[in-house]
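structure_7.cif, holding mmCIF, C-alpha atoms:
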```cif
data_query
#
loop_
_atom_site.label_atom_id
_atom_site.label_comp_id
_atom_site.auth_asym_id
_atom_site.auth_seq_id
_atom_site.Cartn_x
_atom_site.Cartn_y
_atom_site.Cartn_z
CA MET Y 1 34.65 7.40 9.25
CA SER Y 2 36.74 5.20 11.54
CA ALA Y 3 35.34 1.96 12.89
CA ALA Y 4 35.12 3.49 16.37
CA THR Y 5 33.26 6.54 15.08
CA ALA Y 6 30.92 4.39 13.04
CA HIS Y 7 30.24 2.27 16.09
CA LEU Y 8 29.47 5.35 18.16
CA ALA Y 9 27.22 6.74 15.42
CA ALA Y 10 25.33 3.45 15.24
CA ARG Y 11 24.82 3.40 18.97
CA SER Y 12 23.43 6.94 19.03
CA ALA Y 13 21.17 6.47 15.99
CA LEU Y 14 17.43 6.38 16.35
CA LYS Y 15 16.07 2.91 15.79
CA LEU Y 16 13.50 2.55 13.02
CA LEU Y 17 11.01 -0.30 12.70
CA ILE Y 18 9.20 -0.56 9.36
CA VAL Y 19 5.77 -2.21 9.37
CA ASP Y 20 4.04 -3.06 6.09
CA ASP Y 21 2.66 -6.27 4.60
CA SER Y 22 4.41 -5.41 1.33
CA ASN Y 23 8.13 -6.21 1.25
CA ILE Y 24 8.40 -3.83 -1.71
CA VAL Y 25 7.18 -0.97 0.45
CA CYS Y 26 9.46 -1.97 3.34
CA ARG Y 27 12.49 -2.00 1.05
CA ARG Y 28 11.44 1.30 -0.51
CA ILE Y 29 11.22 3.02 2.86
CA GLU Y 30 14.56 1.60 3.98
CA ARG Y 31 16.25 2.56 0.72
CA SER Y 32 14.72 5.99 0.33
CA GLN Y 33 14.94 7.50 3.80
CA GLU Y 34 17.83 9.93 3.95
CA PHE Y 35 18.45 10.36 7.65
CA ASP Y 36 21.85 9.35 9.01
CA GLU Y 37 20.38 9.31 12.49
CA LEU Y 38 17.87 6.59 11.56
CA ARG Y 39 18.98 2.97 11.69
CA VAL Y 40 16.56 0.27 10.52
CA VAL Y 41 16.35 -2.44 13.18
CA GLY Y 42 13.69 -4.58 11.53
CA THR Y 43 10.65 -4.94 9.34
CA ALA Y 44 7.33 -6.63 10.06
CA GLY Y 45 4.50 -7.76 7.80
CA ASN Y 46 1.54 -7.59 10.17
CA GLY Y 47 0.53 -6.12 13.48
CA LEU Y 48 1.29 -9.21 15.55
CA GLU Y 49 4.77 -9.54 14.11
CA ALA Y 50 5.25 -5.82 14.60
CA LEU Y 51 4.46 -6.03 18.30
CA GLU Y 52 6.89 -8.87 18.73
CA MET Y 53 9.63 -6.93 16.95
CA PHE Y 54 8.73 -3.79 18.87
CA ALA Y 55 9.30 -5.57 22.17
CA ARG Y 56 12.53 -7.10 20.93
CA THR Y 57 14.14 -4.10 19.22
CA ASP Y 58 12.71 -1.16 21.25
CA PRO Y 59 12.54 1.23 18.28
CA ASP Y 60 12.32 4.99 18.62
CA VAL Y 61 10.50 5.48 15.33
CA VAL Y 62 7.98 3.28 13.53
CA THR Y 63 6.46 3.53 10.07
CA MET Y 64 3.11 1.77 10.09
CA ASP Y 65 0.82 0.50 7.36
CA LEU Y 66 -2.83 0.17 8.36
CA THR Y 67 -4.41 -2.54 6.20
CA MET Y 68 -2.60 -5.70 7.21
CA PRO Y 69 -3.55 -9.29 8.00
CA LYS Y 70 -3.74 -10.70 11.55
CA MET Y 71 -3.76 -7.30 13.26
CA ASP Y 72 -4.35 -3.96 11.58
CA GLY Y 73 -2.20 -0.92 12.05
CA VAL Y 74 -4.60 1.12 14.15
CA GLU Y 75 -4.76 -1.52 16.86
CA CYS Y 76 -1.02 -1.99 16.63
CA ILE Y 77 -0.42 1.74 17.12
CA GLY Y 78 -2.49 1.77 20.28
CA ARG Y 79 -0.55 -1.15 21.75
CA MET Y 80 2.84 0.30 20.83
CA VAL Y 81 2.07 3.66 22.38
CA ALA Y 82 0.87 1.91 25.52
CA MET Y 83 4.17 0.04 25.70
CA LYS Y 84 6.33 3.06 24.92
CA PRO Y 85 4.57 6.46 24.97
CA ALA Y 86 7.64 8.23 23.59
CA VAL Y 87 7.68 6.23 20.36
CA ARG Y 88 7.13 8.28 17.22
CA ILE Y 89 4.86 6.65 14.66
CA LEU Y 90 4.40 7.66 11.04
CA VAL Y 91 1.41 6.02 9.39
CA ILE Y 92 2.03 5.21 5.72
CA SER Y 93 -1.23 4.02 4.23
CA ALA Y 94 -3.34 3.93 1.09
CA LEU Y 95 -6.46 4.73 3.15
CA ALA Y 96 -7.12 8.29 2.07
CA ASP Y 97 -10.18 9.30 4.11
CA LYS Y 98 -9.82 11.89 6.86
CA ALA Y 99 -11.57 9.77 9.47
CA THR Y 100 -8.83 7.14 9.24
CA ALA Y 101 -6.12 9.73 9.69
CA VAL Y 102 -7.93 11.18 12.68
CA GLU Y 103 -8.40 7.75 14.24
CA ALA Y 104 -4.73 6.90 13.80
CA MET Y 105 -3.66 10.17 15.39
CA GLU Y 106 -6.08 9.67 18.26
CA ARG Y 107 -4.54 6.26 18.88
CA GLY Y 108 -1.13 7.87 19.14
CA ALA Y 109 0.35 8.23 15.66
CA ASN Y 110 2.40 11.36 15.09
CA GLY Y 111 2.13 11.70 11.33
CA PHE Y 112 0.26 10.39 8.31
CA LEU Y 113 1.53 9.86 4.76
CA ASN Y 114 -0.69 8.56 1.98
CA LYS Y 115 0.40 5.98 -0.57
CA PRO Y 116 1.53 6.35 -3.25
CA PHE Y 117 4.31 8.66 -2.12
CA THR Y 118 7.45 10.14 -3.62
CA ASP Y 119 10.84 9.94 -1.95
CA ARG Y 120 10.56 13.63 -1.20
CA GLN Y 121 7.20 13.22 0.49
CA LEU Y 122 8.54 10.33 2.56
CA ASN Y 123 11.53 12.30 3.76
CA GLU Y 124 9.48 15.41 4.49
CA ALA Y 125 7.14 13.32 6.60
CA ILE Y 126 10.03 11.74 8.48
CA ALA Y 127 11.65 15.14 8.99
CA GLU Y 128 8.42 16.42 10.50
CA LEU Y 129 8.30 13.37 12.75
CA LEU Y 130 11.86 13.87 13.99
CA ARG Y 131 11.45 17.57 14.69
CA MET D 1 -24.96 -0.57 -7.93
CA LEU D 2 -21.80 1.10 -9.07
CA GLN D 3 -22.56 4.30 -10.91
CA GLU D 4 -20.51 5.43 -13.86
CA ARG D 5 -19.65 8.68 -12.12
CA GLU D 6 -18.12 6.69 -9.27
CA LEU D 7 -15.72 5.12 -11.72
CA LYS D 8 -13.94 8.46 -11.91
CA THR D 9 -12.54 7.78 -8.44
CA PHE D 10 -10.89 4.60 -9.64
CA VAL D 11 -9.71 6.11 -12.90
CA GLU D 12 -8.04 8.94 -11.01
CA GLY D 13 -6.60 6.54 -8.47
CA THR D 14 -5.06 4.43 -11.21
CA THR D 15 -3.62 7.45 -12.98
CA ASN D 16 -2.22 8.78 -9.75
CA PHE D 17 -0.59 5.49 -8.82
CA PHE D 18 1.45 5.23 -12.00
CA GLU D 19 2.31 8.91 -12.01
CA VAL D 20 3.65 8.84 -8.46
CA ALA D 21 4.93 5.32 -7.88
CA ALA D 22 6.24 4.66 -11.38
CA GLN D 23 7.04 8.31 -12.21
CA GLN D 24 5.42 7.76 -15.56
CA PRO D 25 1.73 8.27 -16.14
CA ALA D 26 -0.50 5.56 -17.56
CA SER D 27 -3.25 6.20 -20.03
CA VAL D 28 -6.60 4.94 -18.87
CA GLY D 29 -9.22 3.93 -21.42
CA SER D 30 -12.95 4.35 -21.20
CA PRO D 31 -14.51 2.00 -18.67
CA TYR D 32 -16.89 -0.57 -20.06
CA LEU D 33 -19.33 -2.98 -18.56
CA LEU D 34 -18.17 -6.54 -18.07
CA GLU D 35 -20.37 -9.08 -19.74
CA GLY D 36 -19.44 -12.70 -19.19
CA SER D 37 -16.14 -13.73 -17.67
CA LEU D 38 -13.03 -11.62 -17.72
CA PRO D 39 -9.76 -13.34 -18.61
CA LEU D 40 -7.10 -12.51 -16.06
CA HIS D 41 -3.48 -11.64 -16.77
CA GLU D 42 -0.66 -13.60 -15.14
CA TYR D 43 -0.96 -11.75 -11.82
CA SER D 44 -4.04 -10.30 -10.15
CA GLY D 45 -4.54 -8.50 -6.88
CA LEU D 46 -8.04 -8.63 -5.44
CA ILE D 47 -9.42 -6.45 -2.70
CA GLU D 48 -12.68 -7.48 -1.05
CA VAL D 49 -14.88 -4.52 -0.24
CA SER D 50 -17.40 -4.55 2.58
CA GLY D 51 -19.34 -2.08 4.68
CA LYS D 52 -21.56 0.41 2.96
CA ARG D 53 -20.63 -1.09 -0.43
CA GLN D 54 -19.97 -4.73 -1.19
CA GLY D 55 -17.84 -6.15 -3.92
CA VAL D 56 -14.33 -6.47 -5.22
CA VAL D 57 -11.65 -4.39 -6.86
CA CYS D 58 -9.16 -6.31 -8.99
CA PHE D 59 -5.94 -5.15 -10.64
CA THR D 60 -4.73 -7.70 -13.20
CA ALA D 61 -1.47 -7.28 -15.10
CA PRO D 62 1.01 -9.28 -17.17
CA LYS D 63 4.38 -10.27 -15.76
CA ALA D 64 6.24 -8.13 -18.29
CA MET D 65 4.48 -4.96 -17.13
CA LEU D 66 5.08 -5.75 -13.48
CA ALA D 67 8.77 -6.35 -14.16
CA VAL D 68 9.17 -2.94 -15.75
CA LEU D 69 7.14 -1.35 -12.99
CA LEU D 70 9.44 -2.91 -10.40
CA MET D 71 12.46 -1.54 -12.25
CA LYS D 72 10.94 1.92 -12.30
CA MET D 73 10.44 1.56 -8.55
CA GLN D 74 14.17 0.82 -8.11
CA GLU D 75 13.52 -2.82 -7.27
CA THR D 76 16.08 -5.48 -8.14
CA ASP D 77 14.03 -8.48 -7.03
CA PHE D 78 11.87 -9.78 -9.88
CA SER D 79 10.86 -13.03 -8.27
CA HIS D 80 7.40 -14.58 -8.39
CA GLU D 81 6.78 -13.49 -4.79
CA THR D 82 7.71 -9.90 -5.55
CA MET D 83 5.38 -9.87 -8.55
CA ARG D 84 2.59 -11.09 -6.25
CA ASP D 85 3.53 -8.44 -3.71
CA LEU D 86 3.40 -5.68 -6.31
CA VAL D 87 0.08 -6.59 -7.86
CA GLY D 88 -1.47 -6.79 -4.40
CA GLU D 89 0.01 -3.44 -3.44
CA VAL D 90 -1.31 -1.75 -6.59
CA ALA D 91 -4.81 -3.09 -5.93
CA ASN D 92 -4.54 -2.06 -2.27
CA THR D 93 -3.37 1.46 -3.08
CA ILE D 94 -6.08 2.18 -5.66
CA SER D 95 -8.78 0.75 -3.40
CA GLY D 96 -7.56 2.55 -0.31
CA ASN D 97 -7.36 5.84 -2.15
CA ALA D 98 -11.01 5.39 -3.17
CA ARG D 99 -11.95 6.03 0.45
CA ARG D 100 -11.21 9.68 -0.18
CA ASP D 101 -14.52 9.77 -2.08
CA PHE D 102 -16.37 6.74 -0.72
CA GLY D 103 -15.59 7.42 2.93
CA GLY D 104 -14.49 5.28 5.83
CA ASP D 105 -17.45 2.91 5.41
CA PHE D 106 -15.74 1.61 2.27
CA VAL D 107 -13.95 -1.20 4.10
CA ILE D 108 -11.15 -2.94 2.24
CA SER D 109 -9.42 -6.22 2.97
CA PRO D 110 -5.70 -6.96 2.70
CA PRO D 111 -5.03 -8.11 -0.87
CA ASN D 112 -5.69 -11.62 -2.11
CA VAL D 113 -3.37 -12.45 -4.99
CA LEU D 114 -3.97 -14.84 -7.88
CA SER D 115 -1.11 -15.91 -10.10
CA GLY D 116 -2.06 -18.32 -12.80
CA GLU D 117 -4.46 -20.41 -10.70
CA GLN D 118 -7.62 -18.94 -12.12
CA PRO D 119 -7.80 -17.95 -15.78
CA SER D 120 -10.89 -15.76 -15.45
CA ILE D 121 -13.32 -14.20 -13.05
CA ALA D 122 -17.06 -14.05 -13.45
CA PRO D 123 -19.29 -11.08 -12.66
CA ARG D 124 -20.75 -11.06 -9.18
CA PRO D 125 -24.53 -11.42 -8.95
CA GLY D 126 -26.29 -8.26 -7.89
CA SER D 127 -23.50 -5.94 -8.91
CA ARG D 128 -22.27 -4.24 -12.02
CA SER D 129 -18.69 -4.90 -12.98
CA PHE D 130 -16.74 -2.33 -14.89
CA ILE D 131 -13.41 -2.80 -16.61
CA ILE D 132 -10.98 0.09 -16.73
CA PRO D 133 -8.31 -0.52 -19.39
CA ILE D 134 -4.82 0.64 -18.44
CA ASN D 135 -2.00 1.22 -20.90
CA TRP D 136 1.51 1.90 -19.66
CA ARG D 137 4.70 1.85 -21.72
CA SER D 138 3.18 -0.43 -24.37
CA HIS D 139 1.86 -2.81 -21.71
CA SER D 140 -1.80 -3.38 -20.95
CA ALA D 141 -3.48 -4.14 -17.66
CA LYS D 142 -6.98 -3.86 -16.28
CA LEU D 143 -8.70 -2.63 -13.19
CA VAL D 144 -12.01 -4.38 -12.54
CA VAL D 145 -14.45 -2.72 -10.17
CA SER D 146 -17.47 -4.68 -9.08
CA LEU D 147 -19.59 -3.02 -6.40
CA SER D 148 -23.19 -3.28 -5.29
#
```
Would you mind writing the file out in structure tokens?
Amino acid sequence: MSAATAHLAARSALKLLIVDDSNIVCRRIERSQEFDELRVVGTAGNGLEALEMFARTDPDVVTMDLTMPKMDGVECIGRMVAMKPAVRILVISALADKATAVEAMERGANGFLNKPFTDRQLNEAIAELLR
Amino acid sequence: MLQERELKTFVEGTTNFFEVAAQQPASVGSPYLLEGSLPLHEYSGLIEVSGKRQGVVCFTAPKAMLAVLLMKMQETDFSHETMRDLVGEVANTISGNARRDFGGDFVISPPNVLSGEQPSIAPRPGSRSFIIPINWRSHSAKLVVSLS
């Protein structure tokens, strides 16, 4: 791909913000997602940091952990959707009860993936989100 | 008090974690009641539980096991901070998965990680503490579940 083409591709890519208090999980998501149209614009380790990065980077897609210090993911989802209703949010959480998934969706999340997850499950969830 | 049948949730959660995240299952031994203090391995992730049940879930593992686990997870960073990250994430995942059976009133905290500061933990008054032995690729770790 030429430099000009690469530049154009980067500009048209969807911006992805990864939110998780585990750097291992953040790196895993960044490394394992297989979508050329997704470009990681940042990672955040808690809800407060995520909101700051959200305002700064204006992402199109967010992956969101729920159990985090300072501000949890459910509150963060609500604030992000209020700021940008068109944002697509995939919750990636260890919390495996249905009520949590329902609450996250009611706050504005578009998908829910339980930890632990395989690469295939991650990419299927992202594909569903991007549809 | 934690019932022995409830331990199944944590046994299954532990098995599932290694099978999915490490792509290699662990063998989980028979849980046994903790009497006295439990010596901790080099790294321990603790999750405080509140709500309908009170207590703590602790995953404690040696550095060597965590290093191999990181490699299996395609990680190339084996620093002290990454070890702390991993042990906390394991504890968080097993505890969070337990909500499938315990429900949303099983409230878990973000992980608190110990690495060498505290050689052992003592049983909590008013609760029964069970130890679930974990064996993975010739390494041994423990999951400690202490719930009222």
Worksheet entry | Expected answer as a list in words: chain Y residues within 9 Å of chain D, all atoms listed in the file | Asp21, Ser22, Asn23, Ile24, Val25, Arg27, Arg28, Thr67, Met68, Pro69, Ser93, Ala94, Leu95, Ala96, Asp97, Lys98, Ala99, Thr100, Asn114, Lys115, Pro116, Phe117 and Thr118 of chain Y
Fill in: Spatial neighbours of D:Lys8, 12 Å, all atoms listed in the file, chain gap at least 2 places, as a list in words
Leu2, Gln3, Glu4, Arg5, Glu6, Phe10, Val11, Glu12, Gly13, Thr14, Thr15, Asn16, Val28, Gly29, Ser30, Pro31, Ile94, Ala98, Asp101, Phe102, Phe130, Ile132 and Val145 of chain D
Discussion item. If we count only C-alpha atoms and set the cut-off at 12 Å, which residues sit around stretch 104-110 of chain Y, ignoring sequence neighbours fewer than 3 positions away in its own chain? Please answer as number ranges by chain.
Written reply: Y: 61-66, 72-93, 95, 97-101, 113, 125-131
Keeping C-alpha atoms, export the residues of the selection given above as a compact mmCIF listing (two decimals), in the coordinates of the input.
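File written: selection_8.txt
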```
# COMPACT_ATOMS: atom_id res chain seq x y z
CA VAL Y 61 10.50 5.48 15.33
CA VAL Y 62 7.98 3.28 13.53
CA THR Y 63 6.46 3.53 10.07
CA MET Y 64 3.11 1.77 10.09
CA ASP Y 65 0.82 0.50 7.36
CA LEU Y 66 -2.83 0.17 8.36
CA ASP Y 72 -4.35 -3.96 11.58
CA GLY Y 73 -2.20 -0.92 12.05
CA VAL Y 74 -4.60 1.12 14.15
CA GLU Y 75 -4.76 -1.52 16.86
CA CYS Y 76 -1.02 -1.99 16.63
CA ILE Y 77 -0.42 1.74 17.12
CA GLY Y 78 -2.49 1.77 20.28
CA ARG Y 79 -0.55 -1.15 21.75
CA MET Y 80 2.84 0.30 20.83
CA VAL Y 81 2.07 3.66 22.38
CA ALA Y 82 0.87 1.91 25.52
CA MET Y 83 4.17 0.04 25.70
CA LYS Y 84 6.33 3.06 24.92
CA PRO Y 85 4.57 6.46 24.97
CA ALA Y 86 7.64 8.23 23.59
CA VAL Y 87 7.68 6.23 20.36
CA ARG Y 88 7.13 8.28 17.22
CA ILE Y 89 4.86 6.65 14.66
CA LEU Y 90 4.40 7.66 11.04
CA VAL Y 91 1.41 6.02 9.39
CA ILE Y 92 2.03 5.21 5.72
CA SER Y 93 -1.23 4.02 4.23
CA LEU Y 95 -6.46 4.73 3.15
CA ASP Y 97 -10.18 9.30 4.11
CA LYS Y 98 -9.82 11.89 6.86
CA ALA Y 99 -11.57 9.77 9.47
CA THR Y 100 -8.83 7.14 9.24
CA ALA Y 101 -6.12 9.73 9.69
CA LEU Y 113 1.53 9.86 4.76
CA ALA Y 125 7.14 13.32 6.60
CA ILE Y 126 10.03 11.74 8.48
CA ALA Y 127 11.65 15.14 8.99
CA GLU Y 128 8.42 16.42 10.50
CA LEU Y 129 8.30 13.37 12.75
CA LEU Y 130 11.86 13.87 13.99
CA ARG Y 131 11.45 17.57 14.69
```
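The residues caught by the PyMOL selection byres ((chain Y and resi 34) around 12) in this file are Arg28, Ile29, Glu30, Arg31, Ser32, Gln33, Phe35, Asp36, Glu37, Leu38, Arg39, Val40, Asp119, Arg120, Gln121, Leu122, Asn123, Glu124, Ala125, Ile126 and Ala127 of chain Y.
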Discussion item. For the provided coordinates, the residues matched by the PyMOL selection byres ((chain D and resi 54-62) around 6) should be stated as a PyMOL selection string.
Written reply: chain D and resi 41-50+53+63-65+91+141-148
Discussion item. Taking 6 positions as the minimum chain separation for residues in the same chain, which residues sit within 7 Å of stretch 117-125 of chain D when counting only C-alpha atoms? Answer as a list in words.
Written reply: Gly36, Ser37, Leu38, Pro39 and Leu40 of chain D
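Atom to atom, atom CA of D:Trp136 and atom CA of D:Ala26 stand 4.7 Å apart.
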Worksheet item: Which distance in Å separates atom CA of D:Val113 and atom CA of D:Leu34, to one decimal?
Response: 20.6 Å
Worksheet item: Any idea what the distance is between atom CA of D:Arg128 and atom CA of D:Leu7?
Response: 11.4 Å
